[in-house]
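Encoded as structure tokens, the structure appears first; notes follow it.
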There are 2 protein chains.
Amino acid sequence: MSTAAGRDEILRLRRKAPASPWLEDIAAILRALGDPTRLAIAALLFATEGELCVCHLEARFDLAQPTISHHLKVLRELALVTATRRATWIHYAIDRERVASVPGLAALLGGLAREVTRPKRACCP
Amino acid sequence: MSTAAGRDEILRLRRKAPASPWLEDIAAILRALGDPTRLAIAALLFATEGELCVCHLEARFDLAQPTISHHLKVLRELALVTATRRATWIHYAIDRERVASVPGLAALLGGLAREVTRPKRACCP
DNA sequence: GTCCTGTATTGACGAACGTCGATATACTCA
DNA sequence: TGAGTATATCGACGTTCGTCAATACAGGAC
């Protein structure tokens, strides 16, 4: 069979090709951290004892607020960070258990600690 | 100034924002490894003593030959792998020095060793 | 209740990506 | 030399991505 429909079916199956789910999961994490902003956010949170509120990150990166929010959502959906609301502010923290589940990831984020400068001043209580 | 030209200039400058070159380099590597095929290729080469020729990889992944070639080029341009021609065949190997220059990367690729199945038979001398 | 402030979501845009078929290049063998 | 094989490059296609302005959704203060 070499019809167009047959070829499309083959392509559909190829795209669904299982590969290892674990490898797929790790690839998704690497893709997320492949953006310099998200990598810096992750490294910053990893180097931070406790949490950081969004306004800190907005101050640190020269990007519009929706852009920061978008990047945080990507990290959240991969379970790399957690968000907790405290009054008006939302605080983000790295999920160290999730980080530890990827071999070498903690070393990678830790190694970037020097590269990410903390914001100077607090912007929320 | 709030003209359209002024805004465009701001956007241009933002895109050029330096960030740390090292962070940028690591982000590029993570972005490259964020594709499941490239991650598997890298892990496979990392788990391989010596080299692997392209036909091995073509047999291992269910992708067209130009696609494999494209992925290898991406890894090559990031200096993660090296290619050496041996007669008609081109053999690829991981650059362990480059891998070692990224904290945790060796652990990551090593951790994936079990996920990447070697091709069964040799296809070239 | 109404305002104000912090954060998320929506919708749009151009740029980059993954994939392919067709073609080009490089090498071997006869 | 010419035919055959291994790999790379080209050009195109649909998809995903990063970014933004505009808007919506909270929660606190009044």
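In the structure tokens, each chain is lettered A, B, ... as it comes, each chain's residues begin at 1, and ligands are numbered from 1 in order of appearance.
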Q: At a cut-off of 9 Å, list the chain A residues touching chain B, using only C-alpha atoms, as an NGL selection string.
A: :A and (14 or 17 or 19-20 or 22-36 or 39-40 or 62-63 or 102-112 or 115-116)
Q: Restrict the distance test to only C-alpha atoms (C1' of nucleotides), flag each residue of chain A within 9 Å of chain C, and return the flagged residues as a VMD selection string.
A: chain A and resid 54 to 55 65 to 66 69 to 70 88 to 90
Keeping only C-alpha atoms, write the selected residues as a short mmCIF file (atom, residue, chain, number, x, y, z; two decimals), in the first residue's frame.
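The resulting file, selection-v3.cif, is reproduced below:
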```
data_model
loop_
_atom_site.label_atom_id
_atom_site.label_comp_id
_atom_site.auth_asym_id
_atom_site.auth_seq_id
_atom_site.Cartn_x
_atom_site.Cartn_y
_atom_site.Cartn_z
CA VAL A 54 6.70 36.44 41.21
CA CYS A 55 7.53 40.10 41.62
CA GLN A 65 4.81 40.13 33.20
CA PRO A 66 2.74 37.72 31.05
CA SER A 69 3.92 34.02 34.02
CA HIS A 70 4.03 31.84 30.93
CA THR A 88 -2.07 38.78 47.03
CA TRP A 89 1.30 37.28 46.21
CA ILE A 90 2.15 33.91 44.77
#
```
Q. Between A:Arg118, A:Arg76, A:Arg60, A:Arg85, which one has atoms that come closest to chain D, using only C-alpha atoms (C1' of nucleotides)?
A.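 With only C-alpha atoms (C1' of nucleotides) as the atom set, the closest residue is A:Arg85.
Within 12 Å of chain A, and using only C-alpha atoms (C1' of nucleotides), the residues found on chain D are DT16, DC17, DG18, DT19, DC20, DA21, DA22, DT23, DC25, DA26, DG27, DG28 and DA29 of chain D.
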Keeping N, CA and C atoms (P, O5', C5', C4', C3', O3' and C1' of nucleotides) for every residue in the selection just given, could you write it to a file as an mmCIF file, in the first residue's frame?
```cif
data_model
loop_
_atom_site.group_PDB
_atom_site.id
_atom_site.type_symbol
_atom_site.label_atom_id
_atom_site.label_comp_id
_atom_site.auth_asym_id
_atom_site.auth_seq_id
_atom_site.Cartn_x
_atom_site.Cartn_y
_atom_site.Cartn_z
ATOM 1 P P DT D 16 1.914 20.698 17.751
ATOM 2 O "O5'" DT D 16 3.066 21.567 18.428
ATOM 3 C "C5'" DT D 16 4.395 21.093 18.399
ATOM 4 C "C4'" DT D 16 5.363 22.209 18.747
ATOM 5 C "C3'" DT D 16 5.023 22.945 20.060
ATOM 6 O "O3'" DT D 16 6.154 22.842 20.914
ATOM 7 C "C1'" DT D 16 5.515 24.479 18.328
ATOM 8 P P DC D 17 6.154 23.495 22.388
ATOM 9 O "O5'" DC D 17 6.878 24.891 22.130
ATOM 10 C "C5'" DC D 17 8.176 24.877 21.568
ATOM 11 C "C4'" DC D 17 8.677 26.297 21.419
ATOM 12 C "C3'" DC D 17 8.491 27.155 22.666
ATOM 13 O "O3'" DC D 17 9.743 27.702 23.038
ATOM 14 C "C1'" DC D 17 7.669 28.268 20.728
ATOM 15 P P DG D 18 9.890 28.356 24.498
ATOM 16 O "O5'" DG D 18 9.918 29.923 24.166
ATOM 17 C "C5'" DG D 18 10.982 30.435 23.418
ATOM 18 C "C4'" DG D 18 10.762 31.915 23.190
ATOM 19 C "C3'" DG D 18 10.482 32.715 24.461
ATOM 20 O "O3'" DG D 18 11.248 33.912 24.422
ATOM 21 C "C1'" DG D 18 8.694 32.984 22.920
ATOM 22 P P DT D 19 11.251 34.924 25.673
ATOM 23 O "O5'" DT D 19 10.174 36.012 25.277
ATOM 24 C "C5'" DT D 19 10.399 36.850 24.164
ATOM 25 C "C4'" DT D 19 9.123 37.543 23.745
ATOM 26 C "C3'" DT D 19 8.392 38.309 24.836
ATOM 27 O "O3'" DT D 19 8.909 39.627 24.915
ATOM 28 C "C1'" DT D 19 6.909 37.226 23.272
ATOM 29 P P DC D 20 8.408 40.642 26.085
ATOM 30 O "O5'" DC D 20 7.041 41.216 25.507
ATOM 31 C "C5'" DC D 20 7.058 41.893 24.259
ATOM 32 C "C4'" DC D 20 5.642 42.071 23.755
ATOM 33 C "C3'" DC D 20 4.731 42.800 24.725
ATOM 34 O "O3'" DC D 20 4.641 44.161 24.317
ATOM 35 C "C1'" DC D 20 3.651 40.865 23.755
ATOM 36 P P DA D 21 3.950 45.225 25.337
ATOM 37 O "O5'" DA D 21 2.411 45.194 24.901
ATOM 38 C "C5'" DA D 21 2.047 45.560 23.569
ATOM 39 C "C4'" DA D 21 0.545 45.412 23.376
ATOM 40 C "C3'" DA D 21 -0.309 46.224 24.347
ATOM 41 O "O3'" DA D 21 -1.467 46.705 23.666
ATOM 42 C "C1'" DA D 21 -0.753 43.922 24.649
ATOM 43 P P DA D 22 -2.541 47.578 24.406
ATOM 44 O "O5'" DA D 22 -3.676 46.516 24.776
ATOM 45 C "C5'" DA D 22 -4.209 45.701 23.750
ATOM 46 C "C4'" DA D 22 -5.249 44.755 24.326
ATOM 47 C "C3'" DA D 22 -6.194 45.392 25.355
ATOM 48 O "O3'" DA D 22 -7.527 45.022 25.069
ATOM 49 C "C1'" DA D 22 -5.167 43.469 26.271
ATOM 50 P P DT D 23 -8.729 45.581 25.987
ATOM 51 O "O5'" DT D 23 -9.049 44.348 26.942
ATOM 52 C "C5'" DT D 23 -9.186 43.054 26.367
ATOM 53 C "C4'" DT D 23 -9.176 42.001 27.456
ATOM 54 C "C3'" DT D 23 -10.143 42.270 28.613
ATOM 55 O "O3'" DT D 23 -11.129 41.262 28.621
ATOM 56 C "C1'" DT D 23 -8.041 41.480 29.374
ATOM 57 P P DC D 25 -13.168 36.298 34.229
ATOM 58 O "O5'" DC D 25 -12.327 35.942 35.530
ATOM 59 C "C5'" DC D 25 -11.221 35.063 35.408
ATOM 60 C "C4'" DC D 25 -10.312 35.216 36.610
ATOM 61 C "C3'" DC D 25 -11.047 35.268 37.966
ATOM 62 O "O3'" DC D 25 -10.506 34.270 38.804
ATOM 63 C "C1'" DC D 25 -9.413 36.948 37.816
ATOM 64 P P DA D 26 -11.340 33.727 40.103
ATOM 65 O "O5'" DA D 26 -11.174 34.844 41.229
ATOM 66 C "C5'" DA D 26 -10.671 34.459 42.483
ATOM 67 C "C4'" DA D 26 -9.257 35.007 42.663
ATOM 68 C "C3'" DA D 26 -9.043 35.582 44.047
ATOM 69 O "O3'" DA D 26 -8.400 34.595 44.833
ATOM 70 C "C1'" DA D 26 -8.175 37.017 42.303
ATOM 71 P P DG D 27 -8.894 34.282 46.294
ATOM 72 O "O5'" DG D 27 -8.297 35.506 47.127
ATOM 73 C "C5'" DG D 27 -6.894 35.641 47.198
ATOM 74 C "C4'" DG D 27 -6.572 37.050 47.639
ATOM 75 C "C3'" DG D 27 -7.258 37.455 48.946
ATOM 76 O "O3'" DG D 27 -6.252 37.693 49.930
ATOM 77 C "C1'" DG D 27 -7.496 39.114 47.237
ATOM 78 P P DG D 28 -6.613 38.203 51.395
ATOM 79 O "O5'" DG D 28 -6.411 39.792 51.289
ATOM 80 C "C5'" DG D 28 -5.092 40.260 50.972
ATOM 81 C "C4'" DG D 28 -5.057 41.780 50.982
ATOM 82 C "C3'" DG D 28 -5.573 42.424 52.266
ATOM 83 O "O3'" DG D 28 -4.746 43.543 52.596
ATOM 84 C "C1'" DG D 28 -6.863 43.165 50.428
ATOM 85 P P DA D 29 -5.016 44.419 53.913
ATOM 86 O "O5'" DA D 29 -5.705 45.746 53.322
ATOM 87 C "C5'" DA D 29 -4.990 46.506 52.342
ATOM 88 C "C4'" DA D 29 -5.771 47.768 52.032
ATOM 89 C "C3'" DA D 29 -6.348 48.484 53.258
ATOM 90 O "O3'" DA D 29 -6.242 49.889 53.086
ATOM 91 C "C1'" DA D 29 -8.103 47.889 51.805
#
```
Q | DSSP-assigned helix (DSSP H, G or I) among chain A, expressed as a PyMOL selection string | A | chain A and resi 4-16+21-33+36-46+54-60+65-77+96-100+105-111+113-115
